[in-house]
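Note: the block below is model_24.cif and it holds mmCIF, C-alpha atoms.
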data_my_file
#
loop_
_atom_site.label_atom_id
_atom_site.label_comp_id
_atom_site.auth_asym_id
_atom_site.auth_seq_id
_atom_site.Cartn_x
_atom_site.Cartn_y
_atom_site.Cartn_z
CA MET A 1 -27.33 -11.22 12.84
CA ASP A 2 -30.86 -12.50 12.26
CA TYR A 3 -30.36 -15.19 9.63
CA THR A 4 -34.15 -15.49 9.18
CA SER A 5 -34.49 -11.88 8.05
CA PRO A 6 -35.25 -11.26 4.37
CA ALA A 7 -32.58 -8.52 4.50
CA THR A 8 -29.86 -11.09 5.16
CA GLN A 9 -27.32 -11.19 2.32
CA PHE A 10 -25.32 -14.27 1.35
CA SER A 11 -23.90 -13.17 -2.02
CA PHE A 12 -22.62 -10.02 -3.66
CA ASP A 13 -21.10 -8.91 -6.97
CA VAL A 14 -17.79 -7.29 -6.05
CA ASN A 15 -17.50 -5.88 -9.58
CA LYS A 16 -20.22 -3.41 -8.61
CA SER A 17 -18.37 -2.05 -5.58
CA THR A 18 -15.49 0.13 -6.75
CA LEU A 19 -13.49 1.75 -3.96
CA VAL A 20 -11.15 3.81 -6.13
CA LYS A 21 -10.41 4.00 -9.85
CA LYS A 22 -7.37 5.60 -11.43
CA ASP A 23 -8.23 4.38 -14.94
CA ASN A 24 -9.64 1.29 -16.65
CA LEU A 25 -6.50 -0.74 -15.86
CA ASN A 26 -5.88 0.44 -12.30
CA TYR A 27 -8.67 0.23 -9.76
CA ILE A 28 -9.77 -1.41 -6.51
CA ASN A 29 -13.08 -3.07 -5.70
CA VAL A 30 -14.06 -3.62 -2.08
CA LEU A 31 -16.12 -6.15 -0.17
CA GLY A 32 -16.88 -5.54 3.48
CA ILE A 33 -19.77 -5.81 5.87
CA SER A 34 -21.34 -2.74 4.26
CA GLN A 35 -21.66 -4.70 1.02
CA LEU A 36 -22.41 -8.15 2.48
CA ASN A 37 -24.02 -8.06 5.89
CA THR A 38 -23.34 -11.68 6.87
CA LEU A 39 -19.58 -11.15 6.90
CA ASP A 40 -17.92 -11.69 10.24
CA ASN A 41 -14.20 -10.97 10.54
CA THR A 42 -13.48 -11.12 6.82
CA SER A 43 -13.26 -8.55 4.04
CA LEU A 44 -11.30 -8.12 0.84
CA LEU A 45 -9.99 -5.78 -1.80
CA ASP A 46 -9.96 -6.87 -5.43
CA ILE A 47 -6.99 -5.02 -6.94
CA PHE A 48 -6.17 -4.51 -10.62
CA LEU A 49 -2.89 -2.87 -11.67
CA SER A 50 -0.76 -2.31 -14.74
CA ALA A 51 3.04 -2.44 -14.60
CA ASN A 52 4.78 0.10 -12.32
CA ASN A 53 1.57 1.21 -10.65
CA ILE A 54 1.66 1.12 -6.87
CA ILE A 55 -0.79 0.83 -4.02
CA GLU A 56 0.58 3.73 -2.02
CA PRO A 57 2.39 3.24 1.31
CA HIS A 58 -0.16 2.77 4.08
CA TYR A 59 -1.07 0.71 7.12
CA HIS A 60 -4.20 -0.99 8.41
CA GLN A 61 -4.75 -0.19 12.06
CA ASN A 62 -7.45 -2.82 12.57
CA ALA A 63 -6.45 -5.80 10.41
CA ALA A 64 -3.70 -7.99 9.02
CA GLU A 65 -3.58 -8.35 5.23
CA LEU A 66 -2.92 -11.46 3.16
CA VAL A 67 -2.07 -10.55 -0.45
CA TYR A 68 -2.74 -13.31 -3.00
CA CYS A 69 -1.60 -12.95 -6.60
CA ILE A 70 -4.18 -14.15 -9.14
CA SER A 71 -2.41 -12.99 -12.31
CA GLY A 72 0.55 -10.88 -13.35
CA ALA A 73 3.21 -10.14 -10.75
CA ALA A 74 3.81 -7.71 -7.91
CA THR A 75 6.22 -6.96 -5.11
CA VAL A 76 4.75 -6.56 -1.65
CA SER A 77 7.02 -4.47 0.56
CA LEU A 78 6.66 -3.93 4.29
CA LEU A 79 8.56 -2.12 7.00
CA ASN A 80 9.30 -4.49 9.85
CA PRO A 81 8.96 -2.27 12.95
CA PHE A 82 11.13 -4.61 15.01
CA THR A 83 14.14 -4.87 12.69
CA LYS A 84 13.73 -1.46 10.97
CA LEU A 85 14.15 -3.28 7.64
CA ILE A 86 12.08 -3.01 4.48
CA GLN A 87 11.22 -6.56 3.42
CA ASN A 88 10.35 -7.11 -0.26
CA TYR A 89 8.37 -10.15 -1.41
CA PRO A 90 7.84 -10.68 -5.18
CA ILE A 91 4.71 -12.74 -5.79
CA THR A 92 3.32 -14.41 -8.93
CA PRO A 93 0.10 -16.39 -9.47
CA GLY A 94 -0.62 -18.72 -6.57
CA GLN A 95 1.79 -16.99 -4.20
CA VAL A 96 0.99 -14.87 -1.15
CA ALA A 97 2.61 -12.29 1.10
CA ASN A 98 1.36 -11.58 4.62
CA VAL A 99 1.34 -8.11 6.22
CA PRO A 100 0.80 -8.09 10.00
CA GLN A 101 -1.70 -5.65 11.47
CA GLY A 102 -0.44 -2.08 11.67
CA TRP A 103 2.69 -2.56 9.54
CA TRP A 104 3.62 0.10 6.96
CA HIS A 105 3.53 -1.48 3.48
CA TYR A 106 2.89 -1.03 -0.25
CA GLU A 107 2.45 -3.12 -3.40
CA VAL A 108 4.02 -2.48 -6.81
CA ALA A 109 2.85 -4.24 -9.98
CA THR A 110 5.80 -5.55 -11.99
CA GLU A 111 3.72 -6.78 -14.93
CA ASP A 112 0.68 -5.56 -16.84
CA ASN A 113 -2.69 -7.13 -16.05
CA THR A 114 -1.77 -7.79 -12.45
CA HIS A 115 -4.68 -8.96 -10.32
CA LEU A 116 -4.29 -9.17 -6.54
CA LEU A 117 -6.70 -10.22 -3.83
CA ALA A 118 -6.11 -8.63 -0.44
CA ILE A 119 -7.88 -10.47 2.38
CA PHE A 120 -8.39 -8.94 5.84
CA ASN A 121 -9.36 -10.36 9.22
CA ALA A 122 -11.83 -7.55 9.90
CA PRO A 123 -15.34 -6.83 8.58
CA THR A 124 -14.09 -3.49 7.22
CA PRO A 125 -10.39 -2.80 6.62
CA GLU A 126 -9.51 0.62 7.97
CA VAL A 127 -6.46 2.38 6.55
CA ILE A 128 -4.13 5.30 7.09
CA LEU A 129 -2.66 6.43 3.75
CA GLY A 130 0.78 7.92 3.25
CA SER A 131 -0.68 10.68 1.09
CA ASP A 132 -3.02 11.70 3.92
CA ILE A 133 -0.16 11.78 6.40
CA LEU A 134 1.87 13.99 4.05
CA LYS A 135 -0.96 16.38 3.23
CA LEU A 136 -2.93 16.53 6.48
CA THR A 137 -0.04 16.91 8.92
CA PRO A 138 0.56 20.69 9.24
CA ALA A 139 3.60 21.79 7.27
CA ASP A 140 5.00 23.74 10.20
CA ILE A 141 4.91 20.61 12.37
CA MET A 142 6.78 18.53 9.78
CA ALA A 143 9.34 21.29 9.26
CA HIS A 144 9.90 21.86 12.97
CA THR A 145 10.06 18.16 13.85
CA TYR A 146 12.58 17.21 11.17
CA SER A 147 14.54 20.50 10.97
CA MET A 148 13.36 21.27 7.46
CA ASP A 149 12.57 24.48 5.62
CA GLU A 150 8.79 24.81 5.73
CA ASP A 151 8.47 26.36 2.26
CA GLN A 152 10.61 23.62 0.75
CA TRP A 153 8.42 20.99 2.43
CA LYS A 154 5.30 22.66 1.02
CA ASN A 155 6.80 22.79 -2.47
CA THR A 156 7.97 19.19 -2.32
CA THR A 157 4.61 17.83 -1.20
CA ALA A 158 2.50 20.14 -3.39
CA PRO A 159 1.87 17.43 -6.06
CA VAL A 160 0.65 14.93 -3.47
CA LYS A 161 -3.12 14.44 -3.48
CA PRO A 162 -4.84 13.16 -0.34
CA SER A 163 -6.17 9.62 -0.62
CA THR A 164 -4.10 8.81 -3.69
CA PHE A 165 -4.53 5.04 -3.22
CA ILE A 166 -2.97 4.21 -6.62
CA GLY A 167 0.12 6.00 -7.88
CA PRO A 168 1.83 7.49 -9.68
CA ALA A 169 -0.33 10.20 -11.25
CA SER A 170 -1.17 9.50 -14.88
CA SER A 171 0.92 12.50 -15.96
CA PHE A 172 4.03 11.16 -14.20
CA ASN A 173 6.39 9.16 -16.43
CA ARG A 174 9.64 8.42 -14.69
CA SER A 175 11.82 6.32 -16.98
CA VAL A 176 12.92 2.80 -16.25
CA LYS A 177 16.46 4.15 -16.32
CA ASN A 178 15.70 6.59 -13.53
CA ARG A 179 14.07 3.87 -11.44
CA ALA A 180 17.11 1.66 -11.92
CA THR A 181 19.41 4.53 -10.96
CA HIS A 182 17.40 5.13 -7.79
CA GLN A 183 17.56 1.46 -6.87
CA SER A 184 21.29 1.20 -7.54
CA HIS A 185 21.86 4.23 -5.31
CA TYR A 186 20.54 2.31 -2.33
CA ILE A 187 22.52 -0.79 -3.27
CA ASN A 188 25.73 1.23 -3.69
CA GLN A 189 25.16 2.95 -0.35
CA GLY A 190 25.10 -0.45 1.33
CA TYR A 191 21.49 -0.45 2.46
CA VAL A 192 20.80 -3.92 1.12
CA TYR A 193 20.64 -6.48 3.88
CA PRO A 194 23.66 -8.81 3.56
CA ASN A 195 23.08 -11.92 1.44
CA ASN A 196 19.34 -11.35 1.08
CA PRO A 197 17.92 -9.37 -1.88
CA TYR A 198 14.49 -9.22 -0.21
CA TYR A 199 15.67 -6.88 2.52
CA TYR A 200 17.21 -3.46 2.70
CA GLN A 201 17.83 -1.19 5.64
CA TYR A 202 17.20 2.49 6.06
CA PRO A 203 20.32 4.63 6.34
CA THR A 204 20.86 5.55 9.96
CA ASN A 205 20.54 9.26 9.24
CA MET A 206 17.20 8.95 7.36
CA PRO A 207 14.22 10.46 9.20
CA TYR A 208 12.26 7.95 9.49
CA TYR A 209 -9.32 4.79 5.44
CA PHE A 210 -10.74 1.99 3.53
CA TYR A 211 -14.25 2.61 4.57
#
As structure tokens:
Amino acid sequence: MDYTSPATQFSFDVNKSTLVKKDNLNYINVLGISQLNTLDNTSLLDIFLSANNIIEPHYHQNAAELVYCISGAATVSLLNPFTKLIQNYPITPGQVANVPQGWWHYEVATEDNTHLLAIFNAPTPEVILGSDILKLTPADIMAHTYSMDEDQWKNTTAPVKPSTFIGPASSFNRSVKNRATHQSHYINQGYVYPNNPYYYQYPTNMPYYFY
């Protein structure tokens, strides 16, 4: 970096750099080296969510992620690849959750007007999205690998749009009752890690880019 060059940038308005926008209440702004050329190993996502919206399951192959809650509330969930446990961390203003590099994770807003800052130790956070894995992996490979009916897999994943980023779709309105029923199913099946509500374990028979 030539710090004497007139092209050198030391400030930037992140509000003018939208990565993805679902609607006026749910969107992500990005700051990386493409927006601010003096950045070294730092970048960020400025995330705005309304209640029950989710940053879809994904992982960052080149960076760890520190999620800081500015306003509202969210739960940051990650799959620990060493323990095979999902770890859930509710955060409110002033609290953080850390996601190590390469770990599968997602964030769910639990209040309206949630504002999160995701900070990365890379000049550009790269990402592999769950929606891309579901849609871009050939259906016959998924069906063959996991002993599934290929047509059923195609039908099940038909609503999934590549690079969803923020879910669910605006037309999807699953009730709070249904969400509670789904959660209680896992609790009743014994997948909650003993004595710790922030963990639950996959059943043993479950198959397990920001640019």
Explicit residue set for the PyMOL selection byres ((chain A and resi 165) around 9), as a VMD selection string: chain A and resid 20 to 22 28 54 to 58 129 to 131 162 to 164 166 to 167
Any chance you can output those residues with C-alpha atoms as a PDB file, keeping the file's coordinate frame?
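Resulting contents of again-v1.pdb:
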ATOM      1  CA  VAL A  20     -11.150   3.810  -6.130  1.00  0.00           C
ATOM      2  CA  LYS A  21     -10.410   4.000  -9.850  1.00  0.00           C
ATOM      3  CA  LYS A  22      -7.370   5.600 -11.430  1.00  0.00           C
ATOM      4  CA  ILE A  28      -9.770  -1.410  -6.510  1.00  0.00           C
ATOM      5  CA  ILE A  54       1.660   1.120  -6.870  1.00  0.00           C
ATOM      6  CA  ILE A  55      -0.790   0.830  -4.020  1.00  0.00           C
ATOM      7  CA  GLU A  56       0.580   3.730  -2.020  1.00  0.00           C
ATOM      8  CA  PRO A  57       2.390   3.240   1.310  1.00  0.00           C
ATOM      9  CA  HIS A  58      -0.160   2.770   4.080  1.00  0.00           C
ATOM     10  CA  LEU A 129      -2.660   6.430   3.750  1.00  0.00           C
ATOM     11  CA  GLY A 130       0.780   7.920   3.250  1.00  0.00           C
ATOM     12  CA  SER A 131      -0.680  10.680   1.090  1.00  0.00           C
ATOM     13  CA  PRO A 162      -4.840  13.160  -0.340  1.00  0.00           C
ATOM     14  CA  SER A 163      -6.170   9.620  -0.620  1.00  0.00           C
ATOM     15  CA  THR A 164      -4.100   8.810  -3.690  1.00  0.00           C
ATOM     16  CA  ILE A 166      -2.970   4.210  -6.620  1.00  0.00           C
ATOM     17  CA  GLY A 167       0.120   6.000  -7.880  1.00  0.00           C
TER      18      GLY A 167
END
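One distance worth recording is that between CA of Pro125 in chain A and CA of Asp112 in chain A, which is 26.1 Å.
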Answer as a ChimeraX atom specification, residues within 8 Å of (-1.4, -7.2, 7.3) using only C-alpha atoms: /A:59-60,63-66,98-103,120
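Separating CA of Asn29 in chain A from CA of Pro168 in chain A is a distance of 18.7 Å.
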CA of Lys135 in chain A to CA of Gln152 in chain A, straight-line distance in Å: 13.9 Å
Neighbour list for Thr38 in chain A as an NGL selection string, cut-off 12 Å, all atoms listed in the file, skip fewer than 5 positions in-chain: :A and (1-5 or 7-12 or 31-33 or 43 or 123)
Selection: 10 Å around range 87-91 of chain A, only C-alpha atoms, excl. self and same-chain fewer than 3 positions, as number ranges by chain: A: 67-80, 83-84, 94-98, 105-110, 116, 193, 196-201
Output of the PyMOL selection byres ((chain A and resi 26) around 7), listed as JSON, numbers by chain: {"A": [21, 22, 23, 24, 25, 27, 48, 49, 50]}
